[in-house]
Amino acid sequence: MSNILEVKNVIKQYGDYTALNNVSLTIPKGSIYGLLGPNGAGKTSLIRIINQITLPDSGTITLDGENLKPEDVQYIGYMPEERGLYKSMKVGEQCLYLAQLKGLSKQDAKTQLDYWFDRLEIQGWWNKKIQELSKGMAQKIQFVVTVLHKPKLLILDEPFSGFDPVNANLIKDEIIELNKKGTSVIFSTHRMESVEEMCDHIALIHKSNKLIEGKLTDVKKQFRTNSYEVGILTDNIEGLMYDLSQKFTLSQTNFKSLNDELKLEINLGTATPNELLNTLIQRGQVTHFMEKIPSVNDIFIKTVTE
């Protein structure tokens, strides 16, 4: 897989403050790439550099194998966390204006807007002013003007902010559909459940430095603990606990279940899952047996706090 974007050794300083400290990232073509980090980590500074709103002090950025140029703005769609619509302009007039700034003819812009207004069921908003819309409604317009020029790279900063669950799910589906059609996506958010559901690659920036980058499954493998969540119905809890403690490290845990079983987290150490399972089935009825795979939220908190 070739790369849609490569960030190489980028440094950005504001006076004595270093916003990005020699950061390098590789965004594969066709990926949904989660750009993660606490507030103030440097994510927004990097996104602004990619969009050429500001320039790096040093380092390079390539888009689709070529050095990033001012005219490459036509290939990028950017939806900032702080939305940038003109509140007193009518929706249709504003969308046409912003579309033409991205290089579309008026007729092509009208065709794309008809498509998106119909798809998002906002046909009646053409003559409304932005200030007449709710935050969620304005968010839909912001999304439309971000994608209507069919960018090859889509950068979304907290795209679900302001949406109710139904509309958040609608926009999520549209992002996934655009990705299936070939659009690469950089997705910056604090909603870790969205990262789990949508992203195939992630990077974590903290205090201006990149700490983690890679395919999501590979990152999870790095943080796996070789532990299993176990639920078992048994008449002899003491005997079971004794047998398990001879081979494994045990701790109490909790998970949603319809049964009133004993719930344990068990670290295998050097043992195998089959050895654990054999010990369990000799002592009772196993109702739950699952490897405890670290979530993105677990990885985020562990990395940032340590």
# chains A, B, ... in the order shown; residues from 1 in each chain; ligands from 1

$ closest_atom_pairs --of "segment 144-228 of chain A" --to "segment 9-19 of chain A" --cutoff "12 Å" --atoms "only C-alpha atoms" --output "CSV"
residue,atom,partner,partner_atom,distance
A:Ile205,CA,A:Ala19,CA,10.5
A:His206,CA,A:Ala19,CA,10.0
A:Lys207,CA,A:Ala19,CA,7.7
A:Ser208,CA,A:Ala19,CA,5.2
A:Asn209,CA,A:Ala19,CA,8.6
A:Lys210,CA,A:Asn9,CA,10.6

$ select_by_dssp --residues "segment 69-227 of chain A" --states "alpha helix (DSSP H)" --output "JSON, numbers by chain"
{"A": [91, 92, 93, 94, 95, 96, 97, 98, 99, 100, 101, 106, 107, 108, 109, 110, 111, 112, 113, 114, 115, 116, 117, 118, 119, 135, 136, 137, 138, 139, 140, 141, 142, 143, 144, 145, 146, 147, 165, 166, 167, 168, 169, 170, 171, 172, 173, 174, 175, 176, 177, 178, 179, 180, 192, 193, 194, 195, 196, 197, 198, 216, 217, 218, 219, 220, 221, 222, 223]}

$ atom_distance --atom1 "atom CA of Phe300 of chain A" --atom2 "atom CA of Val147 of chain A"
29.3 Å

$ residues_around --residues "Lys128 of chain A" --least-positions-apart "4" --cutoff "7 Å" --atoms "only C-alpha atoms" --output "PyMOL selection string"
chain A and resi 90-91+132

$ write_last_selection --atoms "N, CA, C and O atoms" --output "PDB file, in the first residue's frame"
ATOM      1  N   LYS A  90     -26.829  32.848   3.356  1.00  0.00           N
ATOM      2  CA  LYS A  90     -27.742  31.753   3.123  1.00  0.00           C
ATOM      3  C   LYS A  90     -26.956  30.480   2.805  1.00  0.00           C
ATOM      4  O   LYS A  90     -25.869  30.541   2.225  1.00  0.00           O
ATOM      5  N   VAL A  91     -27.518  29.352   3.171  1.00  0.00           N
ATOM      6  CA  VAL A  91     -26.834  28.063   3.039  1.00  0.00           C
ATOM      7  C   VAL A  91     -26.413  27.804   1.598  1.00  0.00           C
ATOM      8  O   VAL A  91     -25.253  27.503   1.311  1.00  0.00           O
ATOM      9  N   GLU A 132     -29.749  30.612  11.526  1.00  0.00           N
ATOM     10  CA  GLU A 132     -31.076  30.065  11.791  1.00  0.00           C
ATOM     11  C   GLU A 132     -31.045  28.562  12.076  1.00  0.00           C
ATOM     12  O   GLU A 132     -32.058  27.990  12.477  1.00  0.00           O
TER      13      GLU A 132
END

$ residues_around --residues "Thr270 of chain A" --least-positions-apart "4" --cutoff "10 Å" --atoms "only C-alpha atoms" --output "PyMOL selection string"
chain A and resi 226+247-248

$ select_by_dssp --residues "segment 57-258 of chain A" --states "strand (DSSP E)" --output "compact mmCIF listing (two decimals) with N, CA and C atoms, in the first residue's frame"
# COMPACT_ATOMS: atom_id res chain seq x y z
N SER A 58 10.76 23.42 10.28
CA SER A 58 11.61 22.50 9.51
C SER A 58 10.85 21.21 9.29
N GLY A 59 11.36 20.40 8.37
CA GLY A 59 10.69 19.16 8.01
C GLY A 59 9.95 19.29 6.69
N THR A 60 9.48 18.16 6.17
CA THR A 60 8.81 18.14 4.88
C THR A 60 7.50 17.36 4.96
N ILE A 61 6.59 17.67 4.02
CA ILE A 61 5.34 16.94 3.89
C ILE A 61 5.13 16.63 2.41
N THR A 62 4.80 15.37 2.12
CA THR A 62 4.49 14.98 0.76
C THR A 62 3.06 14.48 0.69
N LEU A 63 2.37 14.87 -0.39
CA LEU A 63 1.01 14.42 -0.65
C LEU A 63 1.04 13.57 -1.91
N GLU A 66 4.37 13.61 -3.81
CA GLU A 66 4.94 14.88 -4.26
C GLU A 66 4.98 15.86 -3.09
N ASN A 67 6.00 16.75 -3.09
CA ASN A 67 6.08 17.76 -2.05
C ASN A 67 4.80 18.60 -2.05
N ILE A 76 -7.58 18.35 -0.86
CA ILE A 76 -7.77 18.12 0.58
C ILE A 76 -9.10 18.71 1.02
N GLY A 77 -9.83 17.96 1.83
CA GLY A 77 -11.02 18.47 2.49
C GLY A 77 -10.77 18.54 3.98
N TYR A 78 -11.02 19.69 4.58
CA TYR A 78 -10.70 19.90 6.00
C TYR A 78 -11.92 20.43 6.74
N MET A 79 -12.36 19.69 7.74
CA MET A 79 -13.43 20.14 8.61
C MET A 79 -12.85 20.40 9.99
N LEU A 153 -7.85 13.42 0.11
CA LEU A 153 -7.53 13.34 1.53
C LEU A 153 -8.54 14.17 2.31
N LEU A 154 -9.21 13.54 3.25
CA LEU A 154 -10.23 14.19 4.08
C LEU A 154 -9.72 14.26 5.52
N ILE A 155 -9.64 15.47 6.07
CA ILE A 155 -9.15 15.68 7.43
C ILE A 155 -10.31 16.16 8.28
N LEU A 156 -10.66 15.37 9.29
CA LEU A 156 -11.83 15.65 10.13
C LEU A 156 -11.39 15.83 11.57
N ASP A 157 -11.63 17.00 12.12
CA ASP A 157 -11.26 17.30 13.51
C ASP A 157 -12.54 17.32 14.35
N SER A 184 -8.91 8.86 1.37
CA SER A 184 -8.15 8.61 2.59
C SER A 184 -8.59 9.61 3.66
N VAL A 185 -8.62 9.17 4.90
CA VAL A 185 -9.19 9.99 5.97
C VAL A 185 -8.23 10.09 7.14
N ILE A 186 -7.98 11.32 7.60
CA ILE A 186 -7.32 11.55 8.88
C ILE A 186 -8.40 12.02 9.84
N PHE A 187 -8.48 11.32 10.96
CA PHE A 187 -9.64 11.45 11.84
C PHE A 187 -9.13 11.77 13.25
N SER A 188 -9.33 13.02 13.68
CA SER A 188 -8.87 13.45 15.00
C SER A 188 -10.07 13.57 15.93
N HIS A 201 -5.61 2.52 11.18
CA HIS A 201 -4.28 2.94 11.62
C HIS A 201 -4.46 4.07 12.64
N ILE A 202 -3.50 4.18 13.57
CA ILE A 202 -3.56 5.26 14.55
C ILE A 202 -2.16 5.81 14.82
N ALA A 203 -2.13 7.03 15.32
CA ALA A 203 -0.92 7.62 15.89
C ALA A 203 -1.33 8.37 17.15
N LEU A 204 -0.45 8.36 18.14
CA LEU A 204 -0.70 9.07 19.38
C LEU A 204 0.40 10.10 19.59
N ILE A 205 -0.01 11.37 19.68
CA ILE A 205 0.93 12.46 19.95
C ILE A 205 0.69 12.96 21.36
N HIS A 206 1.77 13.15 22.12
CA HIS A 206 1.65 13.64 23.48
C HIS A 206 2.81 14.58 23.78
N ASN A 209 5.32 15.20 20.96
CA ASN A 209 6.08 14.07 20.44
C ASN A 209 5.16 12.93 20.01
N LYS A 210 5.53 12.25 18.93
CA LYS A 210 4.80 11.04 18.54
C LYS A 210 5.28 9.89 19.42
N LEU A 211 4.32 9.23 20.08
CA LEU A 211 4.65 8.11 20.96
C LEU A 211 4.30 6.76 20.32
N ILE A 212 3.25 6.74 19.53
CA ILE A 212 2.77 5.49 18.94
C ILE A 212 2.34 5.75 17.51
N GLU A 213 2.62 4.81 16.62
CA GLU A 213 2.06 4.85 15.27
C GLU A 213 2.04 3.44 14.71
N GLY A 214 0.98 3.12 13.97
CA GLY A 214 0.95 1.83 13.31
C GLY A 214 -0.46 1.36 13.00
N LYS A 215 -0.52 0.19 12.40
CA LYS A 215 -1.80 -0.46 12.15
C LYS A 215 -2.44 -0.76 13.49
N SER A 227 -3.98 -11.89 29.10
CA SER A 227 -5.00 -12.11 30.14
C SER A 227 -6.34 -12.45 29.51
N TYR A 228 -7.13 -13.22 30.27
CA TYR A 228 -8.44 -13.64 29.80
C TYR A 228 -9.51 -13.31 30.84
N GLU A 229 -10.66 -12.89 30.34
CA GLU A 229 -11.83 -12.77 31.20
C GLU A 229 -12.56 -14.11 31.19
N VAL A 230 -12.89 -14.57 32.39
CA VAL A 230 -13.49 -15.90 32.53
C VAL A 230 -14.75 -15.81 33.38
N GLY A 231 -15.79 -16.48 32.94
CA GLY A 231 -16.98 -16.66 33.77
C GLY A 231 -17.25 -18.15 33.92
N ILE A 232 -17.49 -18.60 35.16
CA ILE A 232 -17.69 -20.04 35.38
C ILE A 232 -18.70 -20.27 36.50
N LEU A 233 -19.59 -21.21 36.28
CA LEU A 233 -20.52 -21.66 37.31
C LEU A 233 -19.94 -22.90 37.96
N THR A 249 -2.13 -16.19 37.48
CA THR A 249 -2.33 -15.02 38.33
C THR A 249 -3.78 -14.57 38.19
N LEU A 250 -4.48 -14.46 39.33
CA LEU A 250 -5.92 -14.21 39.33
C LEU A 250 -6.26 -12.83 39.90
N SER A 251 -7.36 -12.27 39.40
CA SER A 251 -7.94 -11.07 40.02
C SER A 251 -9.43 -11.05 39.70
N GLN A 252 -10.21 -10.42 40.58
CA GLN A 252 -11.64 -10.29 40.34
C GLN A 252 -11.88 -9.28 39.22

$ residues_around --residues "Ala109 of chain A" --least-positions-apart "4" --cutoff "7 Å" --atoms "only C-alpha atoms" --output "PyMOL selection string"
chain A and resi 96+99+104-105+113

$ write_last_selection --atoms "all heavy atoms" --output "mmCIF file, in the first residue's frame"
data_model
loop_
_atom_site.group_PDB
_atom_site.id
_atom_site.type_symbol
_atom_site.label_atom_id
_atom_site.label_comp_id
_atom_site.auth_asym_id
_atom_site.auth_seq_id
_atom_site.Cartn_x
_atom_site.Cartn_y
_atom_site.Cartn_z
ATOM 1 N N LEU A 96 -22.213 27.306 -2.591
ATOM 2 C CA LEU A 96 -21.728 27.557 -3.948
ATOM 3 C C LEU A 96 -20.416 28.343 -3.926
ATOM 4 O O LEU A 96 -19.487 28.052 -4.683
ATOM 5 C CB LEU A 96 -22.784 28.328 -4.747
ATOM 6 C CG LEU A 96 -23.990 27.527 -5.235
ATOM 7 C CD1 LEU A 96 -25.033 28.461 -5.842
ATOM 8 C CD2 LEU A 96 -23.562 26.476 -6.257
ATOM 9 N N ALA A 99 -17.574 26.086 -2.681
ATOM 10 C CA ALA A 99 -17.268 25.063 -3.682
ATOM 11 C C ALA A 99 -16.405 25.642 -4.801
ATOM 12 O O ALA A 99 -15.454 24.999 -5.263
ATOM 13 C CB ALA A 99 -18.557 24.490 -4.252
ATOM 14 N N LEU A 104 -14.367 24.087 -8.196
ATOM 15 C CA LEU A 104 -15.517 23.588 -8.943
ATOM 16 C C LEU A 104 -16.175 24.718 -9.721
ATOM 17 O O LEU A 104 -16.217 25.862 -9.261
ATOM 18 C CB LEU A 104 -16.552 22.959 -8.004
ATOM 19 C CG LEU A 104 -16.379 21.473 -7.644
ATOM 20 C CD1 LEU A 104 -15.144 21.265 -6.777
ATOM 21 C CD2 LEU A 104 -17.619 20.944 -6.922
ATOM 22 N N SER A 105 -16.688 24.387 -10.900
ATOM 23 C CA SER A 105 -17.504 25.351 -11.620
ATOM 24 C C SER A 105 -18.843 25.484 -10.902
ATOM 25 O O SER A 105 -19.214 24.624 -10.095
ATOM 26 C CB SER A 105 -17.741 24.876 -13.055
ATOM 27 O OG SER A 105 -18.564 23.705 -13.059
ATOM 28 N N LEU A 113 -24.023 19.661 -4.846
ATOM 29 C CA LEU A 113 -24.859 20.093 -3.728
ATOM 30 C C LEU A 113 -26.245 19.453 -3.786
ATOM 31 O O LEU A 113 -26.784 19.063 -2.753
ATOM 32 C CB LEU A 113 -24.974 21.620 -3.724
ATOM 33 C CG LEU A 113 -23.707 22.349 -3.279
ATOM 34 C CD1 LEU A 113 -23.810 23.835 -3.570
ATOM 35 C CD2 LEU A 113 -23.427 22.109 -1.810
#
